[in-house]
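> Structure file work-v4.cif, mmCIF, C-alpha atoms, is pasted below:
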```
data_input
#
loop_
_atom_site.group_PDB
_atom_site.id
_atom_site.type_symbol
_atom_site.label_atom_id
_atom_site.label_comp_id
_atom_site.auth_asym_id
_atom_site.auth_seq_id
_atom_site.Cartn_x
_atom_site.Cartn_y
_atom_site.Cartn_z
ATOM 1 C CA MET A 1 43.675 -51.851 -23.440
ATOM 2 C CA SER A 2 42.809 -49.501 -26.268
ATOM 3 C CA GLU A 3 43.893 -45.893 -26.382
ATOM 4 C CA LEU A 4 40.409 -44.572 -25.696
ATOM 5 C CA THR A 5 39.795 -46.690 -22.600
ATOM 6 C CA LEU A 6 43.220 -45.747 -21.236
ATOM 7 C CA THR A 7 42.503 -42.036 -21.810
ATOM 8 C CA SER A 8 39.056 -42.300 -20.211
ATOM 9 C CA ALA A 9 40.505 -44.107 -17.224
ATOM 10 C CA VAL A 10 43.102 -41.365 -16.713
ATOM 11 C CA VAL A 11 40.565 -38.561 -17.230
ATOM 12 C CA LEU A 12 37.982 -40.085 -14.914
ATOM 13 C CA SER A 13 40.544 -40.686 -12.161
ATOM 14 C CA PHE A 14 41.832 -37.090 -12.434
ATOM 15 C CA LEU A 15 38.252 -35.849 -12.197
ATOM 16 C CA SER A 16 37.724 -38.040 -9.120
ATOM 17 C CA VAL A 17 40.740 -36.409 -7.456
ATOM 18 C CA ALA A 18 39.348 -32.966 -8.345
ATOM 19 C CA PHE A 19 35.975 -33.989 -6.932
ATOM 20 C CA PHE A 20 37.600 -35.200 -3.721
ATOM 21 C CA LEU A 21 39.642 -31.988 -3.266
ATOM 22 C CA ALA A 22 36.566 -29.816 -3.863
ATOM 23 C CA PHE A 23 34.653 -31.941 -1.365
ATOM 24 C CA VAL A 24 37.382 -31.411 1.253
ATOM 25 C CA ARG A 25 37.038 -27.652 0.716
ATOM 26 C CA LEU A 26 33.267 -27.999 1.041
ATOM 27 C CA LEU A 27 33.649 -29.774 4.388
ATOM 28 C CA ARG A 28 36.365 -27.540 5.849
ATOM 29 C CA GLY A 29 35.002 -24.154 4.788
ATOM 30 C CA PRO A 30 36.030 -22.075 6.667
ATOM 31 C CA THR A 31 33.509 -19.457 5.506
ATOM 32 C CA LEU A 32 30.228 -19.860 3.658
ATOM 33 C CA PRO A 33 31.487 -18.246 0.398
ATOM 34 C CA ASP A 34 34.294 -20.848 0.283
ATOM 35 C CA ARG A 35 31.716 -23.593 0.478
ATOM 36 C CA VAL A 36 29.624 -21.993 -2.261
ATOM 37 C CA VAL A 37 32.655 -21.836 -4.565
ATOM 38 C CA ALA A 38 33.421 -25.485 -3.724
ATOM 39 C CA LEU A 39 29.839 -26.458 -4.651
ATOM 40 C CA ASP A 40 30.190 -24.598 -7.936
ATOM 41 C CA LEU A 41 33.438 -26.462 -8.634
ATOM 42 C CA ILE A 42 31.741 -29.774 -7.851
ATOM 43 C CA ALA A 43 29.048 -28.920 -10.405
ATOM 44 C CA VAL A 44 31.689 -28.142 -13.031
ATOM 45 C CA VAL A 45 33.563 -31.384 -12.256
ATOM 46 C CA GLY A 46 30.230 -33.193 -12.591
ATOM 47 C CA ILE A 47 29.798 -31.717 -16.071
ATOM 48 C CA GLY A 48 33.294 -32.999 -16.874
ATOM 49 C CA PHE A 49 32.397 -36.442 -15.544
ATOM 50 C CA VAL A 50 29.268 -36.687 -17.666
ATOM 51 C CA SER A 51 31.071 -35.492 -20.801
ATOM 52 C CA ALA A 52 34.016 -37.860 -20.284
ATOM 53 C CA TYR A 53 31.644 -40.744 -19.596
ATOM 54 C CA ALA A 54 29.667 -39.890 -22.747
ATOM 55 C CA ILE A 55 32.866 -40.384 -24.748
ATOM 56 C CA ALA A 56 33.959 -43.478 -22.809
ATOM 57 C CA SER A 57 30.600 -45.252 -23.164
ATOM 58 C CA ASP A 58 29.892 -43.914 -26.679
ATOM 59 C CA GLN A 59 26.486 -42.558 -25.615
ATOM 60 C CA SER A 60 26.082 -39.131 -27.221
ATOM 61 C CA ILE A 61 22.734 -38.664 -25.458
ATOM 62 C CA LEU A 62 24.622 -38.009 -22.214
ATOM 63 C CA LEU A 63 25.909 -34.763 -23.724
ATOM 64 C CA ASN A 64 22.344 -33.415 -23.359
ATOM 65 C CA VAL A 65 22.693 -33.911 -19.628
ATOM 66 C CA ALA A 66 26.035 -32.090 -19.652
ATOM 67 C CA SER A 67 24.605 -29.107 -21.534
ATOM 68 C CA VAL A 68 21.615 -28.834 -19.200
ATOM 69 C CA MET A 69 23.943 -29.016 -16.174
ATOM 70 C CA ALA A 70 26.226 -26.359 -17.691
ATOM 71 C CA LEU A 71 23.370 -23.955 -18.324
ATOM 72 C CA ILE A 72 21.515 -24.528 -15.048
ATOM 73 C CA GLY A 73 24.422 -25.335 -12.716
ATOM 74 C CA PHE A 74 25.483 -21.785 -12.083
ATOM 75 C CA LEU A 75 21.926 -20.815 -11.143
ATOM 76 C CA GLY A 76 22.504 -22.321 -7.692
ATOM 77 C CA THR A 77 25.686 -20.310 -7.239
ATOM 78 C CA VAL A 78 23.899 -17.117 -8.286
ATOM 79 C CA ALA A 79 21.052 -17.841 -5.870
ATOM 80 C CA PHE A 80 23.570 -18.437 -3.050
ATOM 81 C CA ALA A 81 25.327 -15.153 -3.872
ATOM 82 C CA TYR A 82 21.963 -13.369 -3.811
ATOM 83 C CA TYR A 83 21.183 -14.892 -0.413
ATOM 84 C CA LEU A 84 24.633 -14.031 1.002
ATOM 85 C CA ARG A 85 24.309 -10.417 -0.126
ATOM 86 C CA ARG A 86 20.830 -10.098 1.350
ATOM 87 C CA LYS A 87 22.099 -11.537 4.653
ATOM 88 C CA ALA A 88 25.085 -9.185 4.787
ATOM 89 C CA MET B 1 20.454 -6.838 -6.650
ATOM 90 C CA THR B 2 21.755 -5.169 -9.813
ATOM 91 C CA SER B 3 24.785 -6.761 -11.390
ATOM 92 C CA LEU B 4 25.699 -5.656 -14.911
ATOM 93 C CA ILE B 5 27.446 -8.947 -15.734
ATOM 94 C CA LEU B 6 24.548 -11.076 -14.512
ATOM 95 C CA SER B 7 21.809 -9.041 -16.195
ATOM 96 C CA THR B 8 23.674 -8.922 -19.523
ATOM 97 C CA ALA B 9 24.389 -12.659 -19.404
ATOM 98 C CA THR B 10 20.770 -13.408 -18.500
ATOM 99 C CA THR B 11 19.452 -11.417 -21.455
ATOM 100 C CA TYR B 12 21.299 -13.824 -23.745
ATOM 101 C CA LEU B 13 20.761 -16.941 -21.626
ATOM 102 C CA LEU B 14 16.954 -16.683 -21.417
ATOM 103 C CA PRO B 15 16.271 -17.379 -25.126
ATOM 104 C CA LEU B 16 18.996 -20.044 -25.165
ATOM 105 C CA LEU B 17 17.512 -21.878 -22.178
ATOM 106 C CA LEU B 18 13.983 -21.629 -23.599
ATOM 107 C CA LEU B 19 15.237 -23.090 -26.886
ATOM 108 C CA LEU B 20 16.920 -25.926 -24.990
ATOM 109 C CA SER B 21 13.718 -26.594 -23.040
ATOM 110 C CA VAL B 22 11.662 -26.870 -26.237
ATOM 111 C CA TYR B 23 14.332 -29.170 -27.684
ATOM 112 C CA LEU B 24 14.104 -31.399 -24.604
ATOM 113 C CA LEU B 25 10.305 -31.372 -24.828
ATOM 114 C CA LEU B 26 10.134 -32.429 -28.487
ATOM 115 C CA HIS B 27 13.104 -34.781 -28.271
ATOM 116 C CA GLY B 28 11.900 -36.640 -25.229
ATOM 117 C CA HIS B 29 10.022 -39.435 -26.900
ATOM 118 C CA ASP B 30 12.657 -41.895 -27.927
ATOM 119 C CA VAL B 31 15.439 -40.592 -25.683
ATOM 120 C CA PRO B 32 15.741 -39.108 -22.174
ATOM 121 C CA GLY B 33 13.930 -35.809 -21.884
ATOM 122 C CA GLY B 34 10.290 -34.887 -22.132
ATOM 123 C CA GLY B 35 7.753 -32.448 -20.803
ATOM 124 C CA PHE B 36 8.868 -32.449 -17.187
ATOM 125 C CA VAL B 37 12.571 -31.786 -17.794
ATOM 126 C CA GLY B 38 11.781 -29.202 -20.440
ATOM 127 C CA GLY B 39 9.399 -27.437 -18.076
ATOM 128 C CA VAL B 40 11.956 -27.377 -15.272
ATOM 129 C CA VAL B 41 14.598 -25.886 -17.599
ATOM 130 C CA ALA B 42 12.154 -23.210 -18.806
ATOM 131 C CA ALA B 43 11.176 -22.378 -15.211
ATOM 132 C CA ALA B 44 14.870 -22.146 -14.262
ATOM 133 C CA ALA B 45 15.357 -19.683 -17.127
ATOM 134 C CA PHE B 46 12.632 -17.419 -15.752
ATOM 135 C CA ALA B 47 13.910 -17.847 -12.186
ATOM 136 C CA LEU B 48 17.351 -16.694 -13.348
ATOM 137 C CA TYR B 49 15.711 -13.708 -15.037
ATOM 138 C CA ALA B 50 13.866 -12.929 -11.800
ATOM 139 C CA ILE B 51 17.136 -12.983 -9.823
ATOM 140 C CA ALA B 52 18.904 -10.734 -12.341
ATOM 141 C CA HIS B 53 16.143 -8.226 -13.118
ATOM 142 C CA GLY B 54 13.642 -8.591 -10.300
ATOM 143 C CA VAL B 55 10.388 -10.512 -10.026
ATOM 144 C CA GLU B 56 8.219 -7.756 -11.545
ATOM 145 C CA GLU B 57 10.317 -7.715 -14.705
ATOM 146 C CA ALA B 58 10.220 -11.522 -14.927
ATOM 147 C CA ARG B 59 6.430 -11.489 -14.656
ATOM 148 C CA ARG B 60 6.334 -8.910 -17.448
ATOM 149 C CA VAL B 61 8.553 -11.084 -19.683
ATOM 150 C CA LEU B 62 6.351 -14.123 -19.013
ATOM 151 C CA HIS B 63 3.330 -12.080 -20.322
ATOM 152 C CA THR B 64 0.729 -14.213 -18.512
ATOM 153 C CA HIS B 65 0.149 -15.198 -14.924
ATOM 154 C CA PRO B 66 1.622 -18.650 -14.090
ATOM 155 C CA ARG B 67 -1.915 -19.709 -13.140
ATOM 156 C CA THR B 68 -2.965 -19.312 -16.782
ATOM 157 C CA LEU B 69 -0.158 -21.683 -17.808
ATOM 158 C CA ILE B 70 -1.356 -24.331 -15.340
ATOM 159 C CA GLY B 71 -4.894 -24.113 -16.721
ATOM 160 C CA LEU B 72 -3.726 -24.208 -20.325
ATOM 161 C CA GLY B 73 -1.505 -27.206 -19.608
ATOM 162 C CA LEU B 74 -4.266 -29.193 -17.938
ATOM 163 C CA LEU B 75 -6.635 -28.413 -20.813
ATOM 164 C CA THR B 76 -4.004 -29.499 -23.349
ATOM 165 C CA ALA B 77 -3.463 -32.786 -21.520
ATOM 166 C CA LEU B 78 -7.233 -33.346 -21.383
ATOM 167 C CA LEU B 79 -7.509 -32.555 -25.095
ATOM 168 C CA SER B 80 -4.876 -35.192 -25.908
ATOM 169 C CA GLY B 81 -7.060 -37.794 -24.194
ATOM 170 C CA VAL B 82 -10.313 -36.584 -25.732
ATOM 171 C CA ILE B 83 -8.919 -36.785 -29.299
ATOM 172 C CA ALA B 84 -8.588 -40.569 -28.957
ATOM 173 C CA PHE B 85 -11.984 -40.774 -27.238
ATOM 174 C CA VAL B 86 -13.878 -39.069 -30.052
ATOM 175 C CA SER B 87 -12.253 -41.305 -32.667
ATOM 176 C CA ASN B 88 -13.710 -44.428 -30.990
ATOM 177 C CA GLU B 89 -10.553 -45.452 -29.178
ATOM 178 C CA PRO B 90 -9.967 -45.782 -25.410
ATOM 179 C CA PHE B 91 -9.486 -42.491 -23.568
ATOM 180 C CA LEU B 92 -5.825 -41.297 -23.642
ATOM 181 C CA LYS B 93 -4.762 -43.907 -26.211
ATOM 182 C CA GLY B 94 -1.734 -42.710 -28.190
ATOM 183 C CA LEU B 95 -2.596 -41.904 -31.800
ATOM 184 C CA TRP B 96 0.267 -41.195 -34.183
ATOM 185 C CA THR B 97 0.530 -39.459 -37.490
ATOM 186 C CA THR B 98 3.544 -38.478 -39.534
ATOM 187 C CA VAL B 99 3.862 -34.885 -40.666
ATOM 188 C CA THR B 100 6.210 -34.402 -43.582
ATOM 189 C CA LEU B 101 7.749 -31.019 -43.093
ATOM 190 C CA PRO B 102 11.202 -30.576 -44.631
ATOM 191 C CA VAL B 103 12.001 -33.366 -42.177
ATOM 192 C CA GLU B 104 9.692 -36.212 -41.317
ATOM 193 C CA TRP B 105 8.166 -35.626 -37.915
ATOM 194 C CA LYS B 106 6.172 -38.110 -35.881
ATOM 195 C CA LEU B 107 3.322 -36.218 -34.255
ATOM 196 C CA GLY B 108 0.862 -37.779 -31.870
ATOM 197 C CA THR B 109 -1.379 -37.289 -28.888
ATOM 198 C CA PRO B 110 1.434 -38.304 -26.449
ATOM 199 C CA THR B 111 3.361 -35.272 -27.768
ATOM 200 C CA LEU B 112 0.341 -33.110 -26.997
ATOM 201 C CA PHE B 113 0.172 -34.628 -23.506
ATOM 202 C CA ASP B 114 3.849 -33.788 -23.018
ATOM 203 C CA VAL B 115 3.160 -30.184 -24.037
ATOM 204 C CA GLY B 116 0.498 -30.118 -21.330
ATOM 205 C CA VAL B 117 2.950 -31.478 -18.743
ATOM 206 C CA TYR B 118 5.477 -28.846 -19.847
ATOM 207 C CA LEU B 119 3.017 -25.983 -19.349
ATOM 208 C CA VAL B 120 1.840 -27.268 -15.954
ATOM 209 C CA VAL B 121 5.428 -27.705 -14.702
ATOM 210 C CA VAL B 122 6.409 -24.200 -15.847
ATOM 211 C CA GLY B 123 3.282 -22.721 -14.242
ATOM 212 C CA VAL B 124 3.564 -24.491 -10.898
ATOM 213 C CA THR B 125 7.322 -23.917 -10.518
ATOM 214 C CA LEU B 126 7.118 -20.239 -11.431
ATOM 215 C CA MET B 127 4.141 -19.698 -9.140
ATOM 216 C CA ILE B 128 6.177 -21.114 -6.223
ATOM 217 C CA ILE B 129 9.390 -19.243 -7.129
ATOM 218 C CA PHE B 130 7.702 -15.888 -7.716
ATOM 219 C CA SER B 131 5.678 -15.979 -4.521
ATOM 220 C CA VAL B 132 8.723 -17.048 -2.445
ATOM 221 C CA ALA B 133 10.930 -14.381 -4.055
ATOM 222 C CA GLU B 134 8.386 -11.626 -3.448
ATOM 223 C CA ASP B 135 8.378 -12.111 0.321
#
```
Please express what this file holds, its structure, as structure tokens.


Amino acid sequence: MSELTLTSAVVLSFLSVAFFLAFVRLLRGPTLPDRVVALDLIAVVGIGFVSAYAIASDQSILLNVASVMALIGFLGTVAFAYYLRRKA
Amino acid sequence: MTSLILSTATTYLLPLLLLLSVYLLLHGHDVPGGGFVGGVVAAAAFALYAIAHGVEEARRVLHTHPRTLIGLGLLTALLSGVIAFVSNEPFLKGLWTTVTLPVEWKLGTPTLFDVGVYLVVVGVTLMIIFSVAED
């Protein structure tokens, strides 16, 4: 197993653990803001996944996806914050 | 909602997102991307601006009504088909030419069609977002 595949395997499994933990927080709550933060974290972990996979599979085109997700991803969080403030 | 951090960040993010959307639009021929994705990114940029500065301000930055963009986009897409038609080829057939700017650039009627898709997507999405946000 080459160094790169070993590193990608470690990175991707760490990211999976992070994804799982964020998902647990998303399910358990307990309040809506907690869930929104968990969703934001899932988006960030997703960006990490795509970037790590771009390196692992040697497909630089996937980095486009990561940059679009990074720029757009927080829009959902902002919209949720806007909604929460309007509701309060 | 007025948030200093959000409105300052949005002022810098809007041109960046629009640049990215044009990149996706022009890049989308040989690789993933294209008019639809570019249009969605551009619409998201204006939606972010509407959240940060209010819908009125976002409409002012857009300069035209979204309806105008839809019309322009449909006309552009039609034009891309008519170009092939008037040069004795089947309607909507892709015609390619190479423009030698400082870099060589393949330009063709499919690119023009993609520009049309881009404008229609921006127009439709912004029309929905603005009218929902104004309620």

> Set the distance at 9 Å and use all atoms listed in the file: which residues neighbour Leu75 of chain A once local chain neighbours fewer than 2 positions away are removed? I'd like the list as a list in words.

Leu71, Ile72, Gly73, Thr77, Val78, Ala79 and Phe80 of chain A; Ala44, Ala45, Ala47 and Leu48 of chain B

> List, as an mmCIF file with C-alpha atoms, in the coordinates of the input, every residue that the PyMOL selection byres ((chain B) within 10 of (chain A)) selects in the file provided.


```cif
data_model
loop_
_atom_site.group_PDB
_atom_site.id
_atom_site.type_symbol
_atom_site.label_atom_id
_atom_site.label_comp_id
_atom_site.auth_asym_id
_atom_site.auth_seq_id
_atom_site.Cartn_x
_atom_site.Cartn_y
_atom_site.Cartn_z
ATOM 1 C CA MET B 1 20.454 -6.838 -6.650
ATOM 2 C CA LEU B 6 24.548 -11.076 -14.512
ATOM 3 C CA LEU B 13 20.761 -16.941 -21.626
ATOM 4 C CA LEU B 16 18.996 -20.044 -25.165
ATOM 5 C CA LEU B 17 17.512 -21.878 -22.178
ATOM 6 C CA LEU B 20 16.920 -25.926 -24.990
ATOM 7 C CA SER B 21 13.718 -26.594 -23.040
ATOM 8 C CA LEU B 24 14.104 -31.399 -24.604
ATOM 9 C CA VAL B 31 15.439 -40.592 -25.683
ATOM 10 C CA PRO B 32 15.741 -39.108 -22.174
ATOM 11 C CA GLY B 33 13.930 -35.809 -21.884
ATOM 12 C CA VAL B 37 12.571 -31.786 -17.794
ATOM 13 C CA GLY B 38 11.781 -29.202 -20.440
ATOM 14 C CA VAL B 40 11.956 -27.377 -15.272
ATOM 15 C CA VAL B 41 14.598 -25.886 -17.599
ATOM 16 C CA ALA B 44 14.870 -22.146 -14.262
ATOM 17 C CA ALA B 45 15.357 -19.683 -17.127
ATOM 18 C CA ALA B 47 13.910 -17.847 -12.186
ATOM 19 C CA LEU B 48 17.351 -16.694 -13.348
ATOM 20 C CA ILE B 51 17.136 -12.983 -9.823
ATOM 21 C CA ALA B 52 18.904 -10.734 -12.341
#
```

> I'd like the contact shell of segment 43-55 of chain A - 7 Å cut-off, all atoms listed in the file, skipping same-chain residues fewer than 4 positions apart - returned as a PyMOL selection string.

chain A and resi 8+12+15+19+39+59-60+62-63+66+69-70+73

> Atom CA of Val132 of chain B and atom CA of Leu84 of chain A are how many Å apart?

16.6 Å

> Could you expand the PyMOL selection byres ((chain B and resi 91) around 12) into the explicit residues it covers here, written as a count of residues only?

19

> Show me, as a PyMOL selection string, the residues that have an atom within 12 Å of Val24 of chain A when counting all atoms listed in the file, minus same-chain residues fewer than 5 positions from it.

chain A and resi 17-19+29-30+34-35+38-39+41-42

> Could you list the residues chosen by the PyMOL selection byres ((chain B and resi 69) around 9) in this structure as a ChimeraX atom specification?

/B:64-68,70-74,119-124

> By how many Å are atom CA of Leu112 of chain B and atom CA of Tyr49 of chain B apart?

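A separation of 27.5 Å between them.
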
> Report, in Å with one decimal, the straight-line distance from atom CA of Val22 of chain B to atom CA of Ile128 of chain B.

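It comes out at 21.5 Å.
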
> For a quick check of understanding, using all atoms listed in the file, which of B:Leu75, B:Leu107, B:Leu18, B:Ala9 has the smallest distance to Leu62 of chain B?

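The closest residue to Leu62 of chain B is B:Leu18.
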